[in-house]
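Source file input25.cif; content: mmCIF, C-alpha atoms, pLDDT in the B column; chains and numbers go by the auth columns.
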data_upload
loop_
_atom_site.group_PDB
_atom_site.id
_atom_site.type_symbol
_atom_site.label_atom_id
_atom_site.label_comp_id
_atom_site.label_asym_id
_atom_site.label_seq_id
_atom_site.Cartn_x
_atom_site.Cartn_y
_atom_site.Cartn_z
_atom_site.B_iso_or_equiv
_atom_site.auth_seq_id
_atom_site.auth_asym_id
ATOM 1 C CA MET A 1 -36.417 6.477 52.192 39.00 1 D
ATOM 2 C CA THR A 2 -35.825 9.273 54.651 42.00 2 D
ATOM 3 C CA ARG A 3 -36.911 12.531 53.116 48.00 3 D
ATOM 4 C CA GLN A 4 -34.124 15.018 52.358 50.00 4 D
ATOM 5 C CA ARG A 5 -31.502 12.558 53.637 83.00 5 D
ATOM 6 C CA SER A 6 -28.607 14.075 51.683 87.00 6 D
ATOM 7 C CA PHE A 7 -29.461 17.647 52.585 91.00 7 D
ATOM 8 C CA LYS A 8 -29.855 16.806 56.274 90.00 8 D
ATOM 9 C CA ARG A 9 -26.489 15.078 56.169 86.00 9 D
ATOM 10 C CA LEU A 10 -24.958 18.283 54.777 88.00 10 D
ATOM 11 C CA VAL A 11 -26.519 20.354 57.559 91.00 11 D
ATOM 12 C CA ARG A 12 -25.384 17.953 60.291 90.00 12 D
ATOM 13 C CA GLU A 13 -21.835 17.931 58.959 86.00 13 D
ATOM 14 C CA ARG A 14 -21.774 21.712 59.237 87.00 14 D
ATOM 15 C CA MET A 15 -23.248 21.543 62.757 90.00 15 D
ATOM 16 C CA ALA A 16 -20.479 19.168 63.837 90.00 16 D
ATOM 17 C CA LYS A 17 -17.841 21.449 62.337 86.00 17 D
ATOM 18 C CA THR A 18 -19.138 24.805 63.609 87.00 18 D
ATOM 19 C CA GLY A 19 -21.243 24.017 66.664 91.00 19 D
ATOM 20 C CA GLU A 20 -24.193 25.865 65.125 91.00 20 D
ATOM 21 C CA SER A 21 -27.796 24.854 65.690 94.00 21 D
ATOM 22 C CA TYR A 22 -29.593 22.951 62.940 93.00 22 D
ATOM 23 C CA THR A 23 -31.605 26.066 62.071 94.00 23 D
ATOM 24 C CA THR A 24 -28.524 28.280 61.779 93.00 24 D
ATOM 25 C CA ALA A 25 -26.485 25.738 59.825 90.00 25 D
ATOM 26 C CA ARG A 26 -29.374 25.143 57.426 92.00 26 D
ATOM 27 C CA ALA A 27 -29.847 28.886 56.863 93.00 27 D
ATOM 28 C CA VAL A 28 -26.146 29.432 56.102 90.00 28 D
ATOM 29 C CA ILE A 29 -26.069 26.530 53.640 91.00 29 D
ATOM 30 C CA LEU A 30 -29.244 27.621 51.850 93.00 30 D
ATOM 31 C CA ALA A 31 -27.928 31.174 51.534 90.00 31 D
ATOM 32 C CA ALA A 32 -24.783 29.820 49.825 86.00 32 D
ATOM 33 C CA SER A 33 -22.830 32.453 51.699 69.00 33 D
ATOM 34 C CA GLN A 34 -19.078 32.219 52.217 55.00 34 D
ATOM 35 C CA PRO A 35 -18.497 31.843 55.967 52.00 35 D
ATOM 36 C CA SER A 36 -14.764 32.620 55.838 47.00 36 D
ATOM 37 C CA ASP A 37 -11.900 33.372 53.474 43.00 37 D
ATOM 38 C CA SER A 38 -10.812 29.724 53.550 43.00 38 D
ATOM 39 C CA GLU A 39 -14.207 28.082 53.150 55.00 39 D
ATOM 40 C CA GLU A 40 -16.494 28.056 50.132 63.00 40 D
ATOM 41 C CA PRO A 41 -20.218 27.336 50.265 72.00 41 D
ATOM 42 C CA ALA A 42 -21.219 23.759 49.482 79.00 42 D
ATOM 43 C CA LEU A 43 -24.006 24.905 47.176 88.00 43 D
ATOM 44 C CA VAL A 44 -23.257 26.616 43.880 85.00 44 D
ATOM 45 C CA THR A 45 -25.941 29.233 44.464 88.00 45 D
ATOM 46 C CA SER A 46 -28.582 30.178 46.998 91.00 46 D
ATOM 47 C CA ASP A 47 -31.887 28.431 47.573 93.00 47 D
ATOM 48 C CA GLU A 48 -33.674 31.572 46.411 91.00 48 D
ATOM 49 C CA THR A 49 -31.820 31.591 43.088 91.00 49 D
ATOM 50 C CA ILE A 50 -32.155 27.894 42.304 93.00 50 D
ATOM 51 C CA ARG A 51 -35.848 28.016 43.196 94.00 51 D
ATOM 52 C CA ALA A 52 -36.395 31.003 40.896 91.00 52 D
ATOM 53 C CA ARG A 53 -34.519 29.324 38.045 91.00 53 D
ATOM 54 C CA THR A 54 -35.925 25.791 38.344 95.00 54 D
ATOM 55 C CA GLY A 55 -39.114 25.937 40.394 95.00 55 D
ATOM 56 C CA ARG A 56 -37.588 23.836 43.218 95.00 56 D
ATOM 57 C CA GLY A 57 -35.414 24.664 46.207 96.00 57 D
ATOM 58 C CA TRP A 58 -32.294 22.786 47.259 96.00 58 D
ATOM 59 C CA GLU A 59 -34.015 20.481 49.731 95.00 59 D
ATOM 60 C CA ASP A 60 -36.499 19.390 47.068 95.00 60 D
ATOM 61 C CA TRP A 61 -33.734 18.806 44.533 96.00 61 D
ATOM 62 C CA PHE A 62 -31.621 16.763 46.952 95.00 62 D
ATOM 63 C CA ASP A 63 -34.638 14.665 47.854 94.00 63 D
ATOM 64 C CA ARG A 64 -35.342 14.067 44.180 94.00 64 D
ATOM 65 C CA LEU A 65 -31.763 13.049 43.429 94.00 65 D
ATOM 66 C CA ASP A 66 -31.803 10.703 46.404 92.00 66 D
ATOM 67 C CA SER A 67 -34.902 9.060 44.931 93.00 67 D
ATOM 68 C CA TRP A 68 -32.906 8.482 41.708 92.00 68 D
ATOM 69 C CA SER A 69 -30.073 6.834 43.707 90.00 69 D
ATOM 70 C CA ALA A 70 -27.883 9.550 42.261 89.00 70 D
ATOM 71 C CA THR A 71 -24.944 8.623 44.507 83.00 71 D
ATOM 72 C CA GLU A 72 -24.492 5.599 42.241 84.00 72 D
ATOM 73 C CA LEU A 73 -24.443 7.713 39.062 85.00 73 D
ATOM 74 C CA SER A 74 -21.635 9.574 37.342 81.00 74 D
ATOM 75 C CA HIS A 75 -21.598 13.353 37.033 84.00 75 D
ATOM 76 C CA ARG A 76 -22.701 13.086 33.413 86.00 76 D
ATOM 77 C CA GLU A 77 -25.569 10.706 34.245 91.00 77 D
ATOM 78 C CA ILE A 78 -26.872 12.959 37.011 92.00 78 D
ATOM 79 C CA ALA A 79 -26.663 16.044 34.781 91.00 79 D
ATOM 80 C CA ARG A 80 -28.582 14.253 32.049 93.00 80 D
ATOM 81 C CA LYS A 81 -31.375 13.243 34.419 95.00 81 D
ATOM 82 C CA VAL A 82 -31.631 16.774 35.849 96.00 82 D
ATOM 83 C CA ALA A 83 -31.591 18.228 32.331 94.00 83 D
ATOM 84 C CA ALA A 84 -34.360 15.866 31.202 95.00 84 D
ATOM 85 C CA GLU A 85 -36.419 16.930 34.197 95.00 85 D
ATOM 86 C CA LEU A 86 -35.990 20.599 33.285 95.00 86 D
ATOM 87 C CA GLY A 87 -36.065 20.213 29.508 93.00 87 D
ATOM 88 C CA ILE A 88 -32.624 21.775 29.049 91.00 88 D
ATOM 89 C CA ASP A 89 -29.152 20.872 27.810 88.00 89 D
ATOM 90 C CA PRO A 90 -27.094 18.803 30.335 88.00 90 D
ATOM 91 C CA LEU A 91 -24.325 21.416 30.064 82.00 91 D
ATOM 92 C CA ALA A 92 -26.670 24.270 30.930 86.00 92 D
ATOM 93 C CA TRP A 93 -25.948 26.167 34.133 86.00 93 D
ATOM 94 C CA ASN A 94 -29.000 24.882 36.030 90.00 94 D
ATOM 95 C CA ALA A 95 -28.203 21.217 35.364 92.00 95 D
ATOM 96 C CA GLN A 96 -24.528 21.609 36.241 88.00 96 D
ATOM 97 C CA ALA A 97 -25.231 23.668 39.385 89.00 97 D
ATOM 98 C CA ILE A 98 -27.623 21.054 40.760 94.00 98 D
ATOM 99 C CA THR A 99 -25.357 18.141 39.884 91.00 99 D
ATOM 100 C CA THR A 100 -22.221 19.730 41.303 86.00 100 D
ATOM 101 C CA SER A 101 -23.896 20.835 44.539 90.00 101 D
ATOM 102 C CA TYR A 102 -25.284 17.362 45.131 91.00 102 D
ATOM 103 C CA GLU A 103 -21.889 15.755 44.527 86.00 103 D
ATOM 104 C CA ARG A 104 -20.218 18.166 46.943 81.00 104 D
ATOM 105 C CA ALA A 105 -22.807 17.393 49.607 81.00 105 D
ATOM 106 C CA ARG A 106 -22.267 13.653 49.204 78.00 106 D
ATOM 107 C CA GLY A 107 -18.496 14.056 49.433 68.00 107 D
ATOM 108 C CA GLY A 108 -17.920 12.910 45.884 53.00 108 D
ATOM 109 C CA ARG A 109 -16.076 15.982 44.670 54.00 109 D
ATOM 110 C CA GLU A 110 -14.024 18.872 45.923 54.00 110 D
ATOM 111 C CA VAL A 111 -15.344 22.389 45.492 55.00 111 D
ATOM 112 C CA GLY A 112 -14.969 23.198 41.813 55.00 112 D
ATOM 113 C CA GLU A 113 -14.139 19.638 40.729 58.00 113 D
ATOM 114 C CA ARG A 114 -15.943 18.169 37.726 58.00 114 D
ATOM 115 C CA ALA A 115 -15.655 14.988 35.715 58.00 115 D
ATOM 116 C CA ASP A 116 -13.455 16.731 33.129 64.00 116 D
ATOM 117 C CA GLY A 117 -11.394 18.884 35.483 76.00 117 D
ATOM 118 C CA TYR A 118 -12.120 21.836 37.739 82.00 118 D
ATOM 119 C CA ALA A 119 -14.540 24.700 37.198 82.00 119 D
ATOM 120 C CA ALA A 120 -14.742 28.317 38.326 86.00 120 D
ATOM 121 C CA THR A 121 -18.126 29.996 38.574 85.00 121 D
ATOM 122 C CA ALA A 122 -19.326 33.555 39.053 88.00 122 D
ATOM 123 C CA SER A 123 -22.603 35.387 38.597 88.00 123 D
ATOM 124 C CA LYS A 124 -23.883 38.934 38.852 91.00 124 D
ATOM 125 C CA THR A 125 -27.223 40.688 38.721 93.00 125 D
ATOM 126 C CA VAL A 126 -27.097 43.891 36.662 95.00 126 D
ATOM 127 C CA ALA A 127 -29.731 46.613 36.390 96.00 127 D
ATOM 128 C CA VAL A 128 -30.072 46.485 32.599 96.00 128 D
ATOM 129 C CA PRO A 129 -32.313 44.479 30.239 96.00 129 D
ATOM 130 C CA VAL A 130 -31.014 41.012 29.340 95.00 130 D
ATOM 131 C CA ASP A 131 -30.353 41.915 25.680 96.00 131 D
ATOM 132 C CA GLU A 132 -28.061 44.752 26.723 96.00 132 D
ATOM 133 C CA LEU A 133 -26.224 42.512 29.174 97.00 133 D
ATOM 134 C CA TYR A 134 -25.797 39.823 26.506 97.00 134 D
ATOM 135 C CA ASP A 135 -24.390 42.302 23.975 97.00 135 D
ATOM 136 C CA ALA A 136 -21.973 43.811 26.484 96.00 136 D
ATOM 137 C CA PHE A 137 -20.571 40.366 27.236 97.00 137 D
ATOM 138 C CA THR A 138 -20.480 38.800 23.786 96.00 138 D
ATOM 139 C CA GLY A 139 -19.319 41.821 21.767 95.00 139 D
ATOM 140 C CA ALA A 140 -15.518 41.763 21.573 93.00 140 D
ATOM 141 C CA GLU A 141 -15.356 45.548 21.153 93.00 141 D
ATOM 142 C CA ARG A 142 -17.439 46.040 24.294 94.00 142 D
ATOM 143 C CA ARG A 143 -15.653 43.433 26.449 95.00 143 D
ATOM 144 C CA VAL A 144 -12.451 45.475 26.450 92.00 144 D
ATOM 145 C CA GLU A 145 -14.373 48.058 28.482 91.00 145 D
ATOM 146 C CA TRP A 146 -14.642 45.726 31.478 95.00 146 D
ATOM 147 C CA LEU A 147 -12.654 42.458 31.049 94.00 147 D
ATOM 148 C CA THR A 148 -8.967 43.162 31.647 89.00 148 D
ATOM 149 C CA GLU A 149 -7.788 39.771 30.390 89.00 149 D
ATOM 150 C CA ASP A 150 -9.893 38.807 27.391 91.00 150 D
ATOM 151 C CA ARG A 151 -8.869 35.537 25.784 94.00 151 D
ATOM 152 C CA LEU A 152 -12.393 34.509 24.794 96.00 152 D
ATOM 153 C CA ARG A 153 -12.885 32.967 21.363 95.00 153 D
ATOM 154 C CA PRO A 154 -16.560 32.495 20.396 95.00 154 D
ATOM 155 C CA ARG A 155 -17.884 28.973 19.782 93.00 155 D
ATOM 156 C CA SER A 156 -21.674 29.232 19.758 93.00 156 D
ATOM 157 C CA GLY A 157 -24.560 31.082 21.348 90.00 157 D
ATOM 158 C CA THR A 158 -28.264 31.799 21.391 91.00 158 D
ATOM 159 C CA ARG A 159 -29.117 35.455 21.916 93.00 159 D
ATOM 160 C CA PRO A 160 -29.940 36.495 24.589 92.00 160 D
ATOM 161 C CA ARG A 161 -29.733 33.241 26.583 89.00 161 D
ATOM 162 C CA THR A 162 -26.366 31.510 26.175 91.00 162 D
ATOM 163 C CA ALA A 163 -22.852 31.988 24.842 94.00 163 D
ATOM 164 C CA ARG A 164 -19.971 29.513 24.692 94.00 164 D
ATOM 165 C CA PHE A 165 -16.302 30.295 24.225 96.00 165 D
ATOM 166 C CA ASP A 166 -12.851 28.746 24.122 96.00 166 D
ATOM 167 C CA TRP A 167 -10.377 30.430 26.447 95.00 167 D
ATOM 168 C CA ASP A 168 -7.423 31.083 24.154 87.00 168 D
ATOM 169 C CA ASP A 169 -5.915 27.725 23.115 85.00 169 D
ATOM 170 C CA ASP A 170 -5.400 26.177 26.558 85.00 170 D
ATOM 171 C CA GLY A 171 -8.265 23.690 26.179 89.00 171 D
ATOM 172 C CA THR A 172 -10.556 25.301 28.740 94.00 172 D
ATOM 173 C CA ARG A 173 -14.083 26.441 27.957 93.00 173 D
ATOM 174 C CA VAL A 174 -16.302 29.270 29.162 95.00 174 D
ATOM 175 C CA HIS A 175 -20.069 28.776 29.226 92.00 175 D
ATOM 176 C CA VAL A 176 -22.226 31.811 29.961 92.00 176 D
ATOM 177 C CA SER A 177 -25.967 32.008 30.564 90.00 177 D
ATOM 178 C CA PHE A 178 -28.163 35.106 30.766 92.00 178 D
ATOM 179 C CA GLY A 179 -31.619 35.490 32.236 89.00 179 D
ATOM 180 C CA PRO A 180 -34.082 38.326 32.813 90.00 180 D
ATOM 181 C CA LYS A 181 -35.179 39.105 36.351 87.00 181 D
ATOM 182 C CA SER A 182 -37.438 41.938 35.213 91.00 182 D
ATOM 183 C CA GLU A 183 -37.684 44.293 32.262 92.00 183 D
ATOM 184 C CA THR A 184 -34.818 46.343 33.662 94.00 184 D
ATOM 185 C CA LYS A 185 -32.738 43.775 35.551 93.00 185 D
ATOM 186 C CA SER A 186 -30.955 40.601 34.457 93.00 186 D
ATOM 187 C CA VAL A 187 -28.383 38.058 35.646 91.00 187 D
ATOM 188 C CA VAL A 188 -25.262 36.663 33.995 92.00 188 D
ATOM 189 C CA SER A 189 -23.712 33.352 35.140 90.00 189 D
ATOM 190 C CA VAL A 190 -20.228 32.256 34.046 91.00 190 D
ATOM 191 C CA GLU A 191 -18.699 28.767 34.220 87.00 191 D
ATOM 192 C CA HIS A 192 -15.035 28.360 33.284 92.00 192 D
ATOM 193 C CA LEU A 193 -14.583 24.624 32.670 89.00 193 D
ATOM 194 C CA ARG A 194 -11.820 22.038 32.190 89.00 194 D
ATOM 195 C CA LEU A 195 -9.349 23.823 34.452 91.00 195 D
ATOM 196 C CA PRO A 196 -6.412 21.640 35.526 89.00 196 D
ATOM 197 C CA ASP A 197 -6.561 22.012 39.309 85.00 197 D
ATOM 198 C CA ALA A 198 -8.102 23.833 42.262 81.00 198 D
ATOM 199 C CA ALA A 199 -5.494 26.607 42.130 86.00 199 D
ATOM 200 C CA ALA A 200 -6.333 27.400 38.512 90.00 200 D
ATOM 201 C CA ALA A 201 -10.036 27.363 39.372 87.00 201 D
ATOM 202 C CA GLU A 202 -9.474 29.825 42.205 87.00 202 D
ATOM 203 C CA GLU A 203 -7.470 32.130 39.931 91.00 203 D
ATOM 204 C CA MET A 204 -10.171 32.164 37.273 92.00 204 D
ATOM 205 C CA LYS A 205 -12.932 32.587 39.830 90.00 205 D
ATOM 206 C CA GLN A 206 -11.297 35.782 41.034 92.00 206 D
ATOM 207 C CA LEU A 207 -10.820 36.980 37.453 94.00 207 D
ATOM 208 C CA TRP A 208 -14.496 36.457 36.626 95.00 208 D
ATOM 209 C CA ARG A 209 -15.780 37.897 39.891 93.00 209 D
ATOM 210 C CA SER A 210 -13.796 41.092 39.437 95.00 210 D
ATOM 211 C CA GLY A 211 -14.696 41.197 35.747 96.00 211 D
ATOM 212 C CA LEU A 212 -18.410 40.912 36.420 95.00 212 D
ATOM 213 C CA ASP A 213 -18.128 43.599 39.092 95.00 213 D
ATOM 214 C CA ARG A 214 -16.611 45.910 36.483 96.00 214 D
ATOM 215 C CA LEU A 215 -19.261 44.895 33.935 96.00 215 D
ATOM 216 C CA ARG A 216 -22.006 45.869 36.357 96.00 216 D
ATOM 217 C CA SER A 217 -20.351 49.163 37.211 96.00 217 D
ATOM 218 C CA HIS A 218 -19.833 49.905 33.533 94.00 218 D
ATOM 219 C CA LEU A 219 -23.429 49.168 32.519 95.00 219 D
ATOM 220 C CA GLU A 220 -25.010 50.826 35.529 94.00 220 D
ATOM 221 C CA GLY A 221 -22.806 53.879 35.199 87.00 221 D
ATOM 222 C CA THR A 222 -21.404 53.592 38.713 68.00 222 D
ATOM 223 C CA SER A 223 -17.714 53.242 37.842 54.00 223 D
#

Here is a file; write its structure as structure tokens.
Amino acid sequence: MTRQRSFKRLVRERMAKTGESYTTARAVILAASQPSDSEEPALVTSDETIRARTGRGWEDWFDRLDSWSATELSHREIARKVAAELGIDPLAWNAQAITTSYERARGGREVGERADGYAATASKTVAVPVDELYDAFTGAERRVEWLTEDRLRPRSGTRPRTARFDWDDDGTRVHVSFGPKSETKSVVSVEHLRLPDAAAAEEMKQLWRSGLDRLRSHLEGTS
């Protein structure tokens, strides 16, 4: 098997579309940057972030999924294999980010599409300890300070790592993970799941991006 076949395919597709060199196209993809207003990155997050969270970069993960013949597996089956590899829940952010990025690269799903609908994701690094970030997000009294449209209804959570919510009674779910980057800096990652279509996913992505911007400003005292 050719090493990193799926990732190289992703890079070459970008080269054909943009005229960039292999080196430039690879760098843009690994950075998970948004090249234009109409184009979203193929990868859920950057190579630096996924490597810090899982111990492997994107090229290593794609190579590993290729070795599992993951193109023949469903979203749920891939997520379960990734989760078993990492010792985490298949619905955890790391497992879903890897699975979704691989499916996008192989052309199996649109950006944001999942097996049970569409998803919107957002994340933010905030200069506060992870416990403080967790409390500011999960405490209903504190959320009103930064989330303008709060329809979260708690389901479950493990402080200070995860929190799961229903979004009102529309059948969608919000999964949130928290992680320390240092004693004084932490990251929050939001997934809004089971959305009906790409337009709804885009709407919720903007809501969560702006909300997390306000959360950071609020906690860092820069608002």

Quick one: distance from atom CA of Ala198 of chain D to atom CA of Gly139 of chain D in Å, one decimal?
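If I compute the distance from atom CA of Ala198 of chain D to atom CA of Gly139 of chain D, I get 29.5 Å.
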
Any chance you could work out the axis-aligned box around segment 168-185 of chain D, listed atoms only, 6 Å on each side, giving centre and edge lengths in Å to one decimal, as lines of an AutoDock Vina configuration file?
center_x = -21.5
center_y = 35.0
center_z = 29.7
size_x = 44.3
size_y = 34.7
size_z = 25.2

Ground truth for the PyMOL selection byres ((chain D and resi 179-193) around 7), written as a PDB file with C-alpha atoms, in the coordinates of the input:
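File written: result_5.pdb
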ATOM      1  CA  TYR D 118     -12.120  21.836  37.739  1.00 82.00           C
ATOM      2  CA  ALA D 119     -14.540  24.700  37.198  1.00 82.00           C
ATOM      3  CA  ALA D 120     -14.742  28.317  38.326  1.00 86.00           C
ATOM      4  CA  THR D 121     -18.126  29.996  38.574  1.00 85.00           C
ATOM      5  CA  ALA D 122     -19.326  33.555  39.053  1.00 88.00           C
ATOM      6  CA  SER D 123     -22.603  35.387  38.597  1.00 88.00           C
ATOM      7  CA  LYS D 124     -23.883  38.934  38.852  1.00 91.00           C
ATOM      8  CA  THR D 125     -27.223  40.688  38.721  1.00 93.00           C
ATOM      9  CA  VAL D 126     -27.097  43.891  36.662  1.00 95.00           C
ATOM     10  CA  ALA D 127     -29.731  46.613  36.390  1.00 96.00           C
ATOM     11  CA  VAL D 128     -30.072  46.485  32.599  1.00 96.00           C
ATOM     12  CA  PRO D 129     -32.313  44.479  30.239  1.00 96.00           C
ATOM     13  CA  VAL D 130     -31.014  41.012  29.340  1.00 95.00           C
ATOM     14  CA  ARG D 161     -29.733  33.241  26.583  1.00 89.00           C
ATOM     15  CA  THR D 172     -10.556  25.301  28.740  1.00 94.00           C
ATOM     16  CA  ARG D 173     -14.083  26.441  27.957  1.00 93.00           C
ATOM     17  CA  VAL D 174     -16.302  29.270  29.162  1.00 95.00           C
ATOM     18  CA  HIS D 175     -20.069  28.776  29.226  1.00 92.00           C
ATOM     19  CA  VAL D 176     -22.226  31.811  29.961  1.00 92.00           C
ATOM     20  CA  SER D 177     -25.967  32.008  30.564  1.00 90.00           C
ATOM     21  CA  PHE D 178     -28.163  35.106  30.766  1.00 92.00           C
ATOM     22  CA  ARG D 194     -11.820  22.038  32.190  1.00 89.00           C
ATOM     23  CA  LEU D 195      -9.349  23.823  34.452  1.00 91.00           C
TER      24      LEU D 195
END

In terms of the shortest atom-to-atom distance over all atoms listed in the file, which of D:Arg26, D:Arg216, D:Arg12, D:Arg53 is closest to Trp146 of chain D?
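The closest residue to Trp146 of chain D is D:Arg216.
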
So which one's closest to Arg5 of chain D, D:Asp170, D:Glu132, D:Glu202, D:Asp66? Using only C-alpha atoms, please.
D:Asp66

Which residues fall under the PyMOL selection byres ((chain D and resi 90) around 10) in this file, as a VMD selection string?
chain D and resid 76 to 84 86 to 89 91 to 96 99

Written as a PyMOL selection string, which residues does the PyMOL selection byres ((chain D and resi 9) around 12) give for the file shown?
chain D and resi 2-8+10-16+22+25-26+29+59+62-63+66+102+104-107

Residues of the last selection are to be written out with C-alpha atoms, as a short mmCIF file (atom, residue, chain, number, x, y, z; two decimals), in the coordinates of the input.
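Heads up, here's the output in part22.cif:
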data_model
loop_
_atom_site.label_atom_id
_atom_site.label_comp_id
_atom_site.auth_asym_id
_atom_site.auth_seq_id
_atom_site.Cartn_x
_atom_site.Cartn_y
_atom_site.Cartn_z
CA THR D 2 -35.83 9.27 54.65
CA ARG D 3 -36.91 12.53 53.12
CA GLN D 4 -34.12 15.02 52.36
CA ARG D 5 -31.50 12.56 53.64
CA SER D 6 -28.61 14.08 51.68
CA PHE D 7 -29.46 17.65 52.58
CA LYS D 8 -29.86 16.81 56.27
CA LEU D 10 -24.96 18.28 54.78
CA VAL D 11 -26.52 20.35 57.56
CA ARG D 12 -25.38 17.95 60.29
CA GLU D 13 -21.84 17.93 58.96
CA ARG D 14 -21.77 21.71 59.24
CA MET D 15 -23.25 21.54 62.76
CA ALA D 16 -20.48 19.17 63.84
CA TYR D 22 -29.59 22.95 62.94
CA ALA D 25 -26.48 25.74 59.82
CA ARG D 26 -29.37 25.14 57.43
CA ILE D 29 -26.07 26.53 53.64
CA GLU D 59 -34.02 20.48 49.73
CA PHE D 62 -31.62 16.76 46.95
CA ASP D 63 -34.64 14.66 47.85
CA ASP D 66 -31.80 10.70 46.40
CA TYR D 102 -25.28 17.36 45.13
CA ARG D 104 -20.22 18.17 46.94
CA ALA D 105 -22.81 17.39 49.61
CA ARG D 106 -22.27 13.65 49.20
CA GLY D 107 -18.50 14.06 49.43
#

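With distances restricted to all atoms listed in the file, D:Ala31 is the closest residue to Ser46 of chain D from D:Leu152, D:Tyr134, D:Ala31, D:Ser101.
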
Using all atoms listed in the file, can you list as a list in words the residues within 7 Å of (-25.3, 23.5, 47.0)?
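The residues near that point, listed by chain and number, are Ala32, Ala42, Leu43, Val44, Thr45, Ser101 and Tyr102 of chain D.
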
Export, as a compact mmCIF listing (two decimals), in the coordinates of the input, the selected residues with C-alpha atoms.
# COMPACT_ATOMS: atom_id res chain seq x y z
CA ALA D 32 -24.78 29.82 49.82
CA ALA D 42 -21.22 23.76 49.48
CA LEU D 43 -24.01 24.90 47.18
CA VAL D 44 -23.26 26.62 43.88
CA THR D 45 -25.94 29.23 44.46
CA SER D 101 -23.90 20.84 44.54
CA TYR D 102 -25.28 17.36 45.13

Of the candidates D:Ser210, D:Ser69, D:Thr138, D:Thr49, which shows the shortest atom-to-atom distance to Ala163 of chain D, using all atoms listed in the file?
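Using all atoms listed in the file, the shortest distance to Ala163 of chain D belongs to D:Thr138.
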
Residue contacts of Arg153 of chain D (10 Å, all atoms listed in the file) excluding same-chain residues fewer than 3 positions away, as a ChimeraX atom specification
/D:138,140,150,156,164-169,173-174

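Counting only C-alpha atoms, the residue from D:Phe137, D:Trp61, D:Trp208, D:Trp68 that sits nearest to Ile98 of chain D is D:Trp61.
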
How many Å lie between atom CA of Gly157 of chain D and atom CA of Gly55 of chain D, rounded to one decimal?
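Distance reported for this atom pair: 24.5 Å.
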
Length of the atom CA of Ala52 of chain D to atom CA of Glu203 of chain D vector [Å]:
29.0 Å

Since the input is missing atoms, can you rebuild all heavy atoms for segment 70-74 of chain D and write them as an mmCIF file, keeping the file's coordinate frame?
data_model
loop_
_atom_site.group_PDB
_atom_site.id
_atom_site.type_symbol
_atom_site.label_atom_id
_atom_site.label_comp_id
_atom_site.auth_asym_id
_atom_site.auth_seq_id
_atom_site.Cartn_x
_atom_site.Cartn_y
_atom_site.Cartn_z
ATOM 1 N N ALA D 70 -28.882 8.799 43.026
ATOM 2 C CA ALA D 70 -27.883 9.550 42.261
ATOM 3 C C ALA D 70 -26.461 9.355 42.774
ATOM 4 O O ALA D 70 -25.503 9.624 42.040
ATOM 5 C CB ALA D 70 -28.239 11.033 42.256
ATOM 6 N N THR D 71 -26.298 8.878 44.011
ATOM 7 C CA THR D 71 -24.944 8.623 44.507
ATOM 8 C C THR D 71 -24.262 7.506 43.732
ATOM 9 O O THR D 71 -23.037 7.370 43.774
ATOM 10 C CB THR D 71 -24.977 8.247 45.994
ATOM 11 O OG1 THR D 71 -25.859 7.129 46.182
ATOM 12 C CG2 THR D 71 -25.457 9.415 46.843
ATOM 13 N N GLU D 72 -25.049 6.709 43.023
ATOM 14 C CA GLU D 72 -24.492 5.599 42.241
ATOM 15 C C GLU D 72 -24.249 5.995 40.787
ATOM 16 O O GLU D 72 -23.796 5.176 39.975
ATOM 17 C CB GLU D 72 -25.445 4.398 42.293
ATOM 18 C CG GLU D 72 -25.703 3.899 43.709
ATOM 19 C CD GLU D 72 -26.785 2.840 43.756
ATOM 20 O OE1 GLU D 72 -27.199 2.370 42.681
ATOM 21 O OE2 GLU D 72 -27.212 2.488 44.875
ATOM 22 N N LEU D 73 -24.563 7.246 40.436
ATOM 23 C CA LEU D 73 -24.443 7.713 39.062
ATOM 24 C C LEU D 73 -23.217 8.592 38.880
ATOM 25 O O LEU D 73 -22.731 9.216 39.830
ATOM 26 C CB LEU D 73 -25.697 8.499 38.662
ATOM 27 C CG LEU D 73 -27.036 7.782 38.794
ATOM 28 C CD1 LEU D 73 -28.171 8.736 38.413
ATOM 29 C CD2 LEU D 73 -27.082 6.528 37.949
ATOM 30 N N SER D 74 -22.740 8.669 37.655
ATOM 31 C CA SER D 74 -21.635 9.574 37.342
ATOM 32 C C SER D 74 -22.153 11.001 37.237
ATOM 33 O O SER D 74 -23.368 11.239 37.175
ATOM 34 C CB SER D 74 -20.997 9.173 36.006
ATOM 35 O OG SER D 74 -21.903 9.409 34.936
#
